[in-house]
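Only one structure is covered here, and it is reproduced in the block below.
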Amino acid sequence: MSRIRIEGLLAAFPKLIGSGKQHTYVETENVIYVYQPMEGIYLLLVSNKQSNILEDLDTLRLLSKAAVDILFYLSGDLKCKFLFLT
């Protein structure tokens, strides 16, 4: 997937989620956004429509746990770099 495509998908994400929704995923014509709010930011997994949503949710849980474990040990400046570079 090209960088431009990824940037487009990421730019579209905030417009697709609404406040107060119970779901942690949003479907579009081409992709599924699976997300988890984490203290003012979103951990986001973008997957194709053929993907298994249950496996995607499990993957997101694992990523969330790994991110929390890693961020626990980083200082403030390093946390910002980690969040925006990965």
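Just so we're on the same page: first chain in the structure tokens is A, next is B, and so on; residues restart at 1 for each chain, and ligands are numbered from 1 in the order they show up.
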Neighbours of Asp56 (chain A) within 12 Å (only C-alpha atoms; same-chain residues fewer than 2 positions away dropped), as a PDB file with all heavy atoms, in the first residue's frame?
ATOM      1  N   THR A  24     -16.036  -0.165  18.410  1.00  0.00           N
ATOM      2  CA  THR A  24     -14.618   0.179  18.281  1.00  0.00           C
ATOM      3  C   THR A  24     -14.131  -0.142  16.885  1.00  0.00           C
ATOM      4  O   THR A  24     -12.960  -0.423  16.679  1.00  0.00           O
ATOM      5  CB  THR A  24     -13.769  -0.565  19.323  1.00  0.00           C
ATOM      6  OG1 THR A  24     -13.980  -1.970  19.168  1.00  0.00           O
ATOM      7  CG2 THR A  24     -14.111  -0.139  20.729  1.00  0.00           C
ATOM      8  N   TYR A  25     -15.051  -0.103  15.928  1.00  0.00           N
ATOM      9  CA  TYR A  25     -14.665  -0.284  14.539  1.00  0.00           C
ATOM     10  C   TYR A  25     -15.608   0.513  13.642  1.00  0.00           C
ATOM     11  O   TYR A  25     -16.733   0.826  14.026  1.00  0.00           O
ATOM     12  CB  TYR A  25     -14.670  -1.765  14.134  1.00  0.00           C
ATOM     13  CG  TYR A  25     -16.049  -2.381  14.103  1.00  0.00           C
ATOM     14  CD1 TYR A  25     -16.783  -2.421  12.917  1.00  0.00           C
ATOM     15  CD2 TYR A  25     -16.621  -2.917  15.246  1.00  0.00           C
ATOM     16  CE1 TYR A  25     -18.046  -2.967  12.881  1.00  0.00           C
ATOM     17  CE2 TYR A  25     -17.883  -3.471  15.211  1.00  0.00           C
ATOM     18  CZ  TYR A  25     -18.591  -3.500  14.034  1.00  0.00           C
ATOM     19  OH  TYR A  25     -19.848  -4.033  14.000  1.00  0.00           O
ATOM     20  N   ILE A  32     -11.702  -1.620   6.942  1.00  0.00           N
ATOM     21  CA  ILE A  32     -12.280  -1.580   8.280  1.00  0.00           C
ATOM     22  C   ILE A  32     -11.259  -0.903   9.188  1.00  0.00           C
ATOM     23  O   ILE A  32     -10.093  -1.282   9.206  1.00  0.00           O
ATOM     24  CB  ILE A  32     -12.590  -2.994   8.807  1.00  0.00           C
ATOM     25  CG1 ILE A  32     -13.591  -3.710   7.902  1.00  0.00           C
ATOM     26  CG2 ILE A  32     -13.127  -2.924  10.239  1.00  0.00           C
ATOM     27  CD1 ILE A  32     -13.804  -5.158   8.263  1.00  0.00           C
ATOM     28  N   TYR A  33     -11.712   0.102   9.916  1.00  0.00           N
ATOM     29  CA  TYR A  33     -10.889   0.751  10.927  1.00  0.00           C
ATOM     30  C   TYR A  33     -11.258   0.121  12.270  1.00  0.00           C
ATOM     31  O   TYR A  33     -12.409   0.200  12.693  1.00  0.00           O
ATOM     32  CB  TYR A  33     -11.188   2.240  11.013  1.00  0.00           C
ATOM     33  CG  TYR A  33     -10.845   3.046   9.797  1.00  0.00           C
ATOM     34  CD1 TYR A  33     -11.761   3.228   8.762  1.00  0.00           C
ATOM     35  CD2 TYR A  33      -9.613   3.673   9.689  1.00  0.00           C
ATOM     36  CE1 TYR A  33     -11.456   3.997   7.659  1.00  0.00           C
ATOM     37  CE2 TYR A  33      -9.294   4.450   8.585  1.00  0.00           C
ATOM     38  CZ  TYR A  33     -10.226   4.600   7.575  1.00  0.00           C
ATOM     39  OH  TYR A  33      -9.922   5.369   6.483  1.00  0.00           O
ATOM     40  N   VAL A  34     -10.309  -0.510  12.916  1.00  0.00           N
ATOM     41  CA  VAL A  34     -10.514  -1.055  14.254  1.00  0.00           C
ATOM     42  C   VAL A  34      -9.677  -0.188  15.183  1.00  0.00           C
ATOM     43  O   VAL A  34      -8.486  -0.011  14.951  1.00  0.00           O
ATOM     44  CB  VAL A  34     -10.070  -2.531  14.334  1.00  0.00           C
ATOM     45  CG1 VAL A  34     -10.384  -3.110  15.693  1.00  0.00           C
ATOM     46  CG2 VAL A  34     -10.725  -3.358  13.243  1.00  0.00           C
ATOM     47  N   TYR A  35     -10.291   0.370  16.210  1.00  0.00           N
ATOM     48  CA  TYR A  35      -9.573   1.336  17.027  1.00  0.00           C
ATOM     49  C   TYR A  35      -9.875   1.174  18.505  1.00  0.00           C
ATOM     50  O   TYR A  35     -10.853   0.542  18.892  1.00  0.00           O
ATOM     51  CB  TYR A  35      -9.880   2.763  16.583  1.00  0.00           C
ATOM     52  CG  TYR A  35     -11.332   3.163  16.738  1.00  0.00           C
ATOM     53  CD1 TYR A  35     -11.767   3.824  17.871  1.00  0.00           C
ATOM     54  CD2 TYR A  35     -12.261   2.888  15.741  1.00  0.00           C
ATOM     55  CE1 TYR A  35     -13.087   4.204  18.023  1.00  0.00           C
ATOM     56  CE2 TYR A  35     -13.582   3.260  15.874  1.00  0.00           C
ATOM     57  CZ  TYR A  35     -13.992   3.917  17.005  1.00  0.00           C
ATOM     58  OH  TYR A  35     -15.293   4.281  17.146  1.00  0.00           O
ATOM     59  N   GLN A  36      -8.991   1.748  19.301  1.00  0.00           N
ATOM     60  CA  GLN A  36      -9.167   1.762  20.749  1.00  0.00           C
ATOM     61  C   GLN A  36      -8.706   3.108  21.279  1.00  0.00           C
ATOM     62  O   GLN A  36      -7.561   3.499  21.056  1.00  0.00           O
ATOM     63  CB  GLN A  36      -8.351   0.649  21.393  1.00  0.00           C
ATOM     64  CG  GLN A  36      -8.471   0.605  22.891  1.00  0.00           C
ATOM     65  CD  GLN A  36      -7.723  -0.563  23.485  1.00  0.00           C
ATOM     66  OE1 GLN A  36      -7.466  -1.553  22.821  1.00  0.00           O
ATOM     67  NE2 GLN A  36      -7.371  -0.447  24.744  1.00  0.00           N
ATOM     68  N   LEU A  44      -4.893   2.531  16.288  1.00  0.00           N
ATOM     69  CA  LEU A  44      -5.684   2.250  15.088  1.00  0.00           C
ATOM     70  C   LEU A  44      -5.080   1.119  14.277  1.00  0.00           C
ATOM     71  O   LEU A  44      -3.884   1.074  14.039  1.00  0.00           O
ATOM     72  CB  LEU A  44      -5.751   3.516  14.228  1.00  0.00           C
ATOM     73  CG  LEU A  44      -6.476   3.441  12.900  1.00  0.00           C
ATOM     74  CD1 LEU A  44      -7.957   3.134  13.102  1.00  0.00           C
ATOM     75  CD2 LEU A  44      -6.298   4.752  12.153  1.00  0.00           C
ATOM     76  N   LEU A  45      -5.946   0.205  13.853  1.00  0.00           N
ATOM     77  CA  LEU A  45      -5.582  -0.875  12.947  1.00  0.00           C
ATOM     78  C   LEU A  45      -6.487  -0.750  11.730  1.00  0.00           C
ATOM     79  O   LEU A  45      -7.708  -0.695  11.863  1.00  0.00           O
ATOM     80  CB  LEU A  45      -5.799  -2.224  13.634  1.00  0.00           C
ATOM     81  CG  LEU A  45      -5.570  -3.474  12.829  1.00  0.00           C
ATOM     82  CD1 LEU A  45      -4.077  -3.670  12.588  1.00  0.00           C
ATOM     83  CD2 LEU A  45      -6.128  -4.689  13.544  1.00  0.00           C
ATOM     84  N   VAL A  46      -5.896  -0.642  10.556  1.00  0.00           N
ATOM     85  CA  VAL A  46      -6.666  -0.547   9.317  1.00  0.00           C
ATOM     86  C   VAL A  46      -6.516  -1.875   8.592  1.00  0.00           C
ATOM     87  O   VAL A  46      -5.406  -2.339   8.359  1.00  0.00           O
ATOM     88  CB  VAL A  46      -6.165   0.609   8.419  1.00  0.00           C
ATOM     89  CG1 VAL A  46      -7.000   0.694   7.151  1.00  0.00           C
ATOM     90  CG2 VAL A  46      -6.209   1.928   9.170  1.00  0.00           C
ATOM     91  N   SER A  47      -7.647  -2.475   8.255  1.00  0.00           N
ATOM     92  CA  SER A  47      -7.634  -3.813   7.670  1.00  0.00           C
ATOM     93  C   SER A  47      -8.542  -3.849   6.442  1.00  0.00           C
ATOM     94  O   SER A  47      -9.412  -2.992   6.279  1.00  0.00           O
ATOM     95  CB  SER A  47      -8.138  -4.802   8.729  1.00  0.00           C
ATOM     96  OG  SER A  47      -8.004  -6.114   8.294  1.00  0.00           O
ATOM     97  N   ASN A  48      -8.349  -4.859   5.603  1.00  0.00           N
ATOM     98  CA  ASN A  48      -9.218  -4.971   4.433  1.00  0.00           C
ATOM     99  C   ASN A  48     -10.568  -5.578   4.822  1.00  0.00           C
ATOM    100  O   ASN A  48     -10.727  -6.115   5.919  1.00  0.00           O
ATOM    101  CB  ASN A  48      -8.545  -5.763   3.307  1.00  0.00           C
ATOM    102  CG  ASN A  48      -8.268  -7.195   3.683  1.00  0.00           C
ATOM    103  OD1 ASN A  48      -8.947  -7.790   4.505  1.00  0.00           O
ATOM    104  ND2 ASN A  48      -7.257  -7.762   3.071  1.00  0.00           N
ATOM    105  N   LYS A  49     -11.524  -5.495   3.948  1.00  0.00           N
ATOM    106  CA  LYS A  49     -12.889  -5.952   4.228  1.00  0.00           C
ATOM    107  C   LYS A  49     -12.983  -7.468   4.418  1.00  0.00           C
ATOM    108  O   LYS A  49     -13.893  -7.947   5.062  1.00  0.00           O
ATOM    109  CB  LYS A  49     -13.824  -5.518   3.106  1.00  0.00           C
ATOM    110  CG  LYS A  49     -14.030  -4.040   3.005  1.00  0.00           C
ATOM    111  CD  LYS A  49     -14.996  -3.531   4.023  1.00  0.00           C
ATOM    112  CE  LYS A  49     -16.395  -3.882   3.606  1.00  0.00           C
ATOM    113  NZ  LYS A  49     -17.427  -3.212   4.310  1.00  0.00           N
ATOM    114  N   GLN A  50     -12.045  -8.207   3.859  1.00  0.00           N
ATOM    115  CA  GLN A  50     -12.080  -9.662   3.961  1.00  0.00           C
ATOM    116  C   GLN A  50     -11.490 -10.165   5.280  1.00  0.00           C
ATOM    117  O   GLN A  50     -11.544 -11.342   5.585  1.00  0.00           O
ATOM    118  CB  GLN A  50     -11.320 -10.314   2.797  1.00  0.00           C
ATOM    119  CG  GLN A  50     -11.989 -10.128   1.445  1.00  0.00           C
ATOM    120  CD  GLN A  50     -11.809  -8.726   0.888  1.00  0.00           C
ATOM    121  OE1 GLN A  50     -10.787  -8.097   1.103  1.00  0.00           O
ATOM    122  NE2 GLN A  50     -12.823  -8.228   0.193  1.00  0.00           N
ATOM    123  N   SER A  51     -10.931  -9.278   6.052  1.00  0.00           N
ATOM    124  CA  SER A  51     -10.286  -9.644   7.300  1.00  0.00           C
ATOM    125  C   SER A  51     -11.312 -10.118   8.330  1.00  0.00           C
ATOM    126  O   SER A  51     -12.474  -9.706   8.316  1.00  0.00           O
ATOM    127  CB  SER A  51      -9.523  -8.441   7.844  1.00  0.00           C
ATOM    128  OG  SER A  51      -8.869  -8.763   9.029  1.00  0.00           O
ATOM    129  N   ASN A  52     -10.862 -10.949   9.247  1.00  0.00           N
ATOM    130  CA  ASN A  52     -11.706 -11.448  10.328  1.00  0.00           C
ATOM    131  C   ASN A  52     -11.711 -10.418  11.456  1.00  0.00           C
ATOM    132  O   ASN A  52     -10.684 -10.160  12.079  1.00  0.00           O
ATOM    133  CB  ASN A  52     -11.146 -12.790  10.817  1.00  0.00           C
ATOM    134  CG  ASN A  52     -11.996 -13.418  11.889  1.00  0.00           C
ATOM    135  OD1 ASN A  52     -12.606 -12.745  12.703  1.00  0.00           O
ATOM    136  ND2 ASN A  52     -12.028 -14.740  11.882  1.00  0.00           N
ATOM    137  N   ILE A  53     -12.866  -9.847  11.751  1.00  0.00           N
ATOM    138  CA  ILE A  53     -12.970  -8.772  12.735  1.00  0.00           C
ATOM    139  C   ILE A  53     -12.552  -9.241  14.123  1.00  0.00           C
ATOM    140  O   ILE A  53     -11.931  -8.504  14.887  1.00  0.00           O
ATOM    141  CB  ILE A  53     -14.382  -8.141  12.751  1.00  0.00           C
ATOM    142  CG1 ILE A  53     -14.438  -6.895  13.643  1.00  0.00           C
ATOM    143  CG2 ILE A  53     -15.420  -9.142  13.201  1.00  0.00           C
ATOM    144  CD1 ILE A  53     -13.712  -5.720  13.108  1.00  0.00           C
ATOM    145  N   LEU A  54     -12.847 -10.496  14.469  1.00  0.00           N
ATOM    146  CA  LEU A  54     -12.457 -10.998  15.783  1.00  0.00           C
ATOM    147  C   LEU A  54     -10.940 -11.093  15.910  1.00  0.00           C
ATOM    148  O   LEU A  54     -10.371 -10.756  16.953  1.00  0.00           O
ATOM    149  CB  LEU A  54     -13.102 -12.359  16.047  1.00  0.00           C
ATOM    150  CG  LEU A  54     -14.628 -12.351  16.132  1.00  0.00           C
ATOM    151  CD1 LEU A  54     -15.170 -13.758  16.299  1.00  0.00           C
ATOM    152  CD2 LEU A  54     -15.103 -11.447  17.251  1.00  0.00           C
ATOM    153  N   ASP A  58      -8.461  -8.950  18.456  1.00  0.00           N
ATOM    154  CA  ASP A  58      -7.409  -9.577  19.265  1.00  0.00           C
ATOM    155  C   ASP A  58      -6.048  -8.944  18.988  1.00  0.00           C
ATOM    156  O   ASP A  58      -5.266  -8.695  19.916  1.00  0.00           O
ATOM    157  CB  ASP A  58      -7.339 -11.085  18.993  1.00  0.00           C
ATOM    158  CG  ASP A  58      -8.464 -11.851  19.648  1.00  0.00           C
ATOM    159  OD1 ASP A  58      -9.080 -11.322  20.599  1.00  0.00           O
ATOM    160  OD2 ASP A  58      -8.721 -12.995  19.222  1.00  0.00           O
ATOM    161  N   THR A  59      -5.761  -8.675  17.723  1.00  0.00           N
ATOM    162  CA  THR A  59      -4.502  -8.021  17.359  1.00  0.00           C
ATOM    163  C   THR A  59      -4.419  -6.644  17.995  1.00  0.00           C
ATOM    164  O   THR A  59      -3.373  -6.251  18.528  1.00  0.00           O
ATOM    165  CB  THR A  59      -4.372  -7.913  15.828  1.00  0.00           C
ATOM    166  OG1 THR A  59      -4.422  -9.222  15.268  1.00  0.00           O
ATOM    167  CG2 THR A  59      -3.089  -7.225  15.427  1.00  0.00           C
ATOM    168  N   LEU A  60      -5.512  -5.908  17.961  1.00  0.00           N
ATOM    169  CA  LEU A  60      -5.533  -4.574  18.559  1.00  0.00           C
ATOM    170  C   LEU A  60      -5.300  -4.646  20.070  1.00  0.00           C
ATOM    171  O   LEU A  60      -4.571  -3.829  20.625  1.00  0.00           O
ATOM    172  CB  LEU A  60      -6.860  -3.883  18.257  1.00  0.00           C
ATOM    173  CG  LEU A  60      -6.937  -2.420  18.640  1.00  0.00           C
ATOM    174  CD1 LEU A  60      -5.986  -1.587  17.804  1.00  0.00           C
ATOM    175  CD2 LEU A  60      -8.352  -1.921  18.499  1.00  0.00           C
ATOM    176  N   ARG A  61      -5.892  -5.634  20.738  1.00  0.00           N
ATOM    177  CA  ARG A  61      -5.660  -5.798  22.173  1.00  0.00           C
ATOM    178  C   ARG A  61      -4.189  -6.066  22.465  1.00  0.00           C
ATOM    179  O   ARG A  61      -3.624  -5.526  23.419  1.00  0.00           O
ATOM    180  CB  ARG A  61      -6.522  -6.936  22.723  1.00  0.00           C
ATOM    181  CG  ARG A  61      -7.932  -6.513  23.019  1.00  0.00           C
ATOM    182  CD  ARG A  61      -8.716  -7.582  23.767  1.00  0.00           C
ATOM    183  NE  ARG A  61     -10.085  -7.514  23.329  1.00  0.00           N
ATOM    184  CZ  ARG A  61     -10.661  -8.332  22.461  1.00  0.00           C
ATOM    185  NH1 ARG A  61      -9.997  -9.335  21.946  1.00  0.00           N
ATOM    186  NH2 ARG A  61     -11.918  -8.161  22.108  1.00  0.00           N
ATOM    187  N   LEU A  62      -3.560  -6.919  21.662  1.00  0.00           N
ATOM    188  CA  LEU A  62      -2.139  -7.207  21.849  1.00  0.00           C
ATOM    189  C   LEU A  62      -1.286  -5.962  21.619  1.00  0.00           C
ATOM    190  O   LEU A  62      -0.344  -5.684  22.376  1.00  0.00           O
ATOM    191  CB  LEU A  62      -1.696  -8.326  20.915  1.00  0.00           C
ATOM    192  CG  LEU A  62      -2.166  -9.730  21.271  1.00  0.00           C
ATOM    193  CD1 LEU A  62      -1.811 -10.707  20.149  1.00  0.00           C
ATOM    194  CD2 LEU A  62      -1.540 -10.181  22.574  1.00  0.00           C
ATOM    195  N   LEU A  63      -1.599  -5.204  20.568  1.00  0.00           N
ATOM    196  CA  LEU A  63      -0.873  -3.958  20.303  1.00  0.00           C
ATOM    197  C   LEU A  63      -1.050  -2.960  21.438  1.00  0.00           C
ATOM    198  O   LEU A  63      -0.104  -2.268  21.825  1.00  0.00           O
ATOM    199  CB  LEU A  63      -1.346  -3.338  18.989  1.00  0.00           C
ATOM    200  CG  LEU A  63      -0.931  -4.042  17.710  1.00  0.00           C
ATOM    201  CD1 LEU A  63      -1.646  -3.434  16.514  1.00  0.00           C
ATOM    202  CD2 LEU A  63       0.568  -3.957  17.529  1.00  0.00           C
TER     203      LEU A  63
END
d(CA of Ile41 (chain A), CA of Ile70 (chain A)) in Å
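A separation of 15.8 Å between them.
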Atomic distance CA of Leu9 (chain A) - CA of Tyr42 (chain A), expressed in Å with one decimal
14.0 Å
Can you measure CA of Ile17 (chain A) to CA of Asn30 (chain A) for me? One decimal in Å is fine.
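Atom-to-atom, CA of Ile17 (chain A) and CA of Asn30 (chain A) are spaced 16.2 Å apart.
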Any chance you could list, as an mmCIF file with all heavy atoms, in the first residue's frame, the residues in region 2-55 of chain A that come up helix (DSSP H, G or I) when DSSP is run on the backbone?
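Now in part18.cif:
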data_model
loop_
_atom_site.group_PDB
_atom_site.id
_atom_site.type_symbol
_atom_site.label_atom_id
_atom_site.label_comp_id
_atom_site.auth_asym_id
_atom_site.auth_seq_id
_atom_site.Cartn_x
_atom_site.Cartn_y
_atom_site.Cartn_z
ATOM 1 N N ARG A 3 2.217 5.132 0.477
ATOM 2 C CA ARG A 3 2.199 6.095 1.577
ATOM 3 C C ARG A 3 1.026 7.065 1.432
ATOM 4 O O ARG A 3 0.369 7.421 2.420
ATOM 5 C CB ARG A 3 3.522 6.846 1.618
ATOM 6 C CG ARG A 3 3.588 7.850 2.732
ATOM 7 C CD ARG A 3 4.896 8.594 2.743
ATOM 8 N NE ARG A 3 4.866 9.583 3.783
ATOM 9 C CZ ARG A 3 5.870 9.889 4.542
ATOM 10 N NH1 ARG A 3 7.029 9.299 4.361
ATOM 11 N NH2 ARG A 3 5.764 10.800 5.476
ATOM 12 N N ILE A 4 0.752 7.494 0.216
ATOM 13 C CA ILE A 4 -0.351 8.431 -0.020
ATOM 14 C C ILE A 4 -1.683 7.800 0.375
ATOM 15 O O ILE A 4 -2.533 8.458 0.976
ATOM 16 C CB ILE A 4 -0.360 8.889 -1.498
ATOM 17 C CG1 ILE A 4 0.866 9.746 -1.773
ATOM 18 C CG2 ILE A 4 -1.634 9.641 -1.831
ATOM 19 C CD1 ILE A 4 1.062 10.103 -3.228
ATOM 20 N N ARG A 5 -1.841 6.529 0.063
ATOM 21 C CA ARG A 5 -3.068 5.801 0.415
ATOM 22 C C ARG A 5 -3.212 5.722 1.938
ATOM 23 O O ARG A 5 -4.285 5.954 2.487
ATOM 24 C CB ARG A 5 -3.037 4.401 -0.201
ATOM 25 C CG ARG A 5 -4.159 3.509 0.220
ATOM 26 C CD ARG A 5 -5.412 3.789 -0.574
ATOM 27 N NE ARG A 5 -6.382 2.754 -0.295
ATOM 28 C CZ ARG A 5 -7.612 3.018 0.116
ATOM 29 N NH1 ARG A 5 -8.024 4.247 0.208
ATOM 30 N NH2 ARG A 5 -8.436 2.046 0.383
ATOM 31 N N ILE A 6 -2.125 5.392 2.615
ATOM 32 C CA ILE A 6 -2.152 5.294 4.077
ATOM 33 C C ILE A 6 -2.479 6.652 4.697
ATOM 34 O O ILE A 6 -3.316 6.749 5.605
ATOM 35 C CB ILE A 6 -0.812 4.751 4.607
ATOM 36 C CG1 ILE A 6 -0.640 3.299 4.177
ATOM 37 C CG2 ILE A 6 -0.736 4.880 6.133
ATOM 38 C CD1 ILE A 6 0.726 2.730 4.442
ATOM 39 N N GLU A 7 -1.848 7.706 4.179
ATOM 40 C CA GLU A 7 -2.123 9.048 4.703
ATOM 41 C C GLU A 7 -3.580 9.437 4.474
ATOM 42 O O GLU A 7 -4.202 10.076 5.319
ATOM 43 C CB GLU A 7 -1.181 10.060 4.073
ATOM 44 C CG GLU A 7 0.244 9.933 4.569
ATOM 45 C CD GLU A 7 1.216 10.854 3.847
ATOM 46 O OE1 GLU A 7 0.842 11.478 2.836
ATOM 47 O OE2 GLU A 7 2.371 10.934 4.311
ATOM 48 N N GLY A 8 -4.131 9.048 3.339
ATOM 49 C CA GLY A 8 -5.539 9.323 3.059
ATOM 50 C C GLY A 8 -6.466 8.590 4.014
ATOM 51 O O GLY A 8 -7.452 9.154 4.507
ATOM 52 N N LEU A 9 -6.148 7.330 4.289
ATOM 53 C CA LEU A 9 -6.953 6.548 5.231
ATOM 54 C C LEU A 9 -6.880 7.144 6.633
ATOM 55 O O LEU A 9 -7.892 7.256 7.330
ATOM 56 C CB LEU A 9 -6.484 5.092 5.257
ATOM 57 C CG LEU A 9 -6.765 4.281 3.991
ATOM 58 C CD1 LEU A 9 -6.049 2.947 4.038
ATOM 59 C CD2 LEU A 9 -8.257 4.089 3.788
ATOM 60 N N LEU A 10 -5.685 7.547 7.041
ATOM 61 C CA LEU A 10 -5.526 8.141 8.367
ATOM 62 C C LEU A 10 -6.241 9.488 8.464
ATOM 63 O O LEU A 10 -6.828 9.813 9.493
ATOM 64 C CB LEU A 10 -4.042 8.308 8.697
ATOM 65 C CG LEU A 10 -3.267 7.009 8.919
ATOM 66 C CD1 LEU A 10 -1.792 7.301 9.141
ATOM 67 C CD2 LEU A 10 -3.845 6.208 10.068
ATOM 68 N N ALA A 11 -6.213 10.264 7.392
ATOM 69 C CA ALA A 11 -6.891 11.565 7.391
ATOM 70 C C ALA A 11 -8.410 11.396 7.457
ATOM 71 O O ALA A 11 -9.110 12.227 8.045
ATOM 72 C CB ALA A 11 -6.501 12.352 6.147
ATOM 73 N N ALA A 12 -8.925 10.329 6.871
ATOM 74 C CA ALA A 12 -10.370 10.101 6.863
ATOM 75 C C ALA A 12 -10.889 9.585 8.198
ATOM 76 O O ALA A 12 -12.063 9.781 8.529
ATOM 77 C CB ALA A 12 -10.726 9.110 5.756
ATOM 78 N N PHE A 13 -10.037 8.950 8.976
ATOM 79 C CA PHE A 13 -10.477 8.300 10.211
ATOM 80 C C PHE A 13 -11.195 9.226 11.195
ATOM 81 O O PHE A 13 -12.291 8.891 11.659
ATOM 82 C CB PHE A 13 -9.294 7.595 10.885
ATOM 83 C CG PHE A 13 -9.630 7.015 12.220
ATOM 84 C CD1 PHE A 13 -10.476 5.921 12.322
ATOM 85 C CD2 PHE A 13 -9.115 7.567 13.382
ATOM 86 C CE1 PHE A 13 -10.801 5.387 13.553
ATOM 87 C CE2 PHE A 13 -9.428 7.042 14.614
ATOM 88 C CZ PHE A 13 -10.270 5.942 14.700
ATOM 89 N N PRO A 14 -10.656 10.393 11.540
ATOM 90 C CA PRO A 14 -11.356 11.242 12.525
ATOM 91 C C PRO A 14 -12.766 11.639 12.096
ATOM 92 O O PRO A 14 -13.641 11.837 12.942
ATOM 93 C CB PRO A 14 -10.462 12.481 12.639
ATOM 94 C CG PRO A 14 -9.128 12.039 12.176
ATOM 95 C CD PRO A 14 -9.384 10.982 11.138
ATOM 96 N N LYS A 15 -13.003 11.741 10.808
ATOM 97 C CA LYS A 15 -14.324 12.121 10.317
ATOM 98 C C LYS A 15 -15.326 10.976 10.434
ATOM 99 O O LYS A 15 -16.526 11.207 10.460
ATOM 100 C CB LYS A 15 -14.222 12.567 8.857
ATOM 101 C CG LYS A 15 -13.324 13.764 8.658
ATOM 102 C CD LYS A 15 -13.078 14.009 7.194
ATOM 103 C CE LYS A 15 -11.935 14.998 7.039
ATOM 104 N NZ LYS A 15 -11.228 14.868 5.809
ATOM 105 N N LEU A 16 -14.827 9.744 10.517
ATOM 106 C CA LEU A 16 -15.698 8.573 10.541
ATOM 107 C C LEU A 16 -16.164 8.192 11.934
ATOM 108 O O LEU A 16 -17.203 7.554 12.083
ATOM 109 C CB LEU A 16 -14.977 7.375 9.912
ATOM 110 C CG LEU A 16 -14.620 7.523 8.439
ATOM 111 C CD1 LEU A 16 -13.750 6.360 7.997
ATOM 112 C CD2 LEU A 16 -15.881 7.596 7.590
ATOM 113 N N ILE A 53 -12.866 -9.847 11.751
ATOM 114 C CA ILE A 53 -12.970 -8.772 12.735
ATOM 115 C C ILE A 53 -12.552 -9.241 14.123
ATOM 116 O O ILE A 53 -11.931 -8.504 14.887
ATOM 117 C CB ILE A 53 -14.382 -8.141 12.751
ATOM 118 C CG1 ILE A 53 -14.438 -6.895 13.643
ATOM 119 C CG2 ILE A 53 -15.420 -9.142 13.201
ATOM 120 C CD1 ILE A 53 -13.712 -5.720 13.108
ATOM 121 N N LEU A 54 -12.847 -10.496 14.469
ATOM 122 C CA LEU A 54 -12.457 -10.998 15.783
ATOM 123 C C LEU A 54 -10.940 -11.093 15.910
ATOM 124 O O LEU A 54 -10.371 -10.756 16.953
ATOM 125 C CB LEU A 54 -13.102 -12.359 16.047
ATOM 126 C CG LEU A 54 -14.628 -12.351 16.132
ATOM 127 C CD1 LEU A 54 -15.170 -13.758 16.299
ATOM 128 C CD2 LEU A 54 -15.103 -11.447 17.251
ATOM 129 N N GLU A 55 -10.273 -11.529 14.851
ATOM 130 C CA GLU A 55 -8.809 -11.569 14.863
ATOM 131 C C GLU A 55 -8.230 -10.157 14.911
ATOM 132 O O GLU A 55 -7.227 -9.914 15.590
ATOM 133 C CB GLU A 55 -8.287 -12.321 13.642
ATOM 134 C CG GLU A 55 -8.551 -13.807 13.684
ATOM 135 C CD GLU A 55 -8.094 -14.527 12.437
ATOM 136 O OE1 GLU A 55 -7.536 -13.884 11.518
ATOM 137 O OE2 GLU A 55 -8.286 -15.749 12.378
#
Taking the chain letters and numbering used in this document, name the residues of region 16-59 of chain A that DSSP puts in strand (DSSP E or B), as a list in words.
Tyr25, Val26, Glu27, Val31, Ile32, Tyr33, Val34, Tyr35, Gln36, Pro37, Met38, Ile41, Tyr42, Leu43, Leu44, Leu45, Val46, Ser47 and Asn48 of chain A
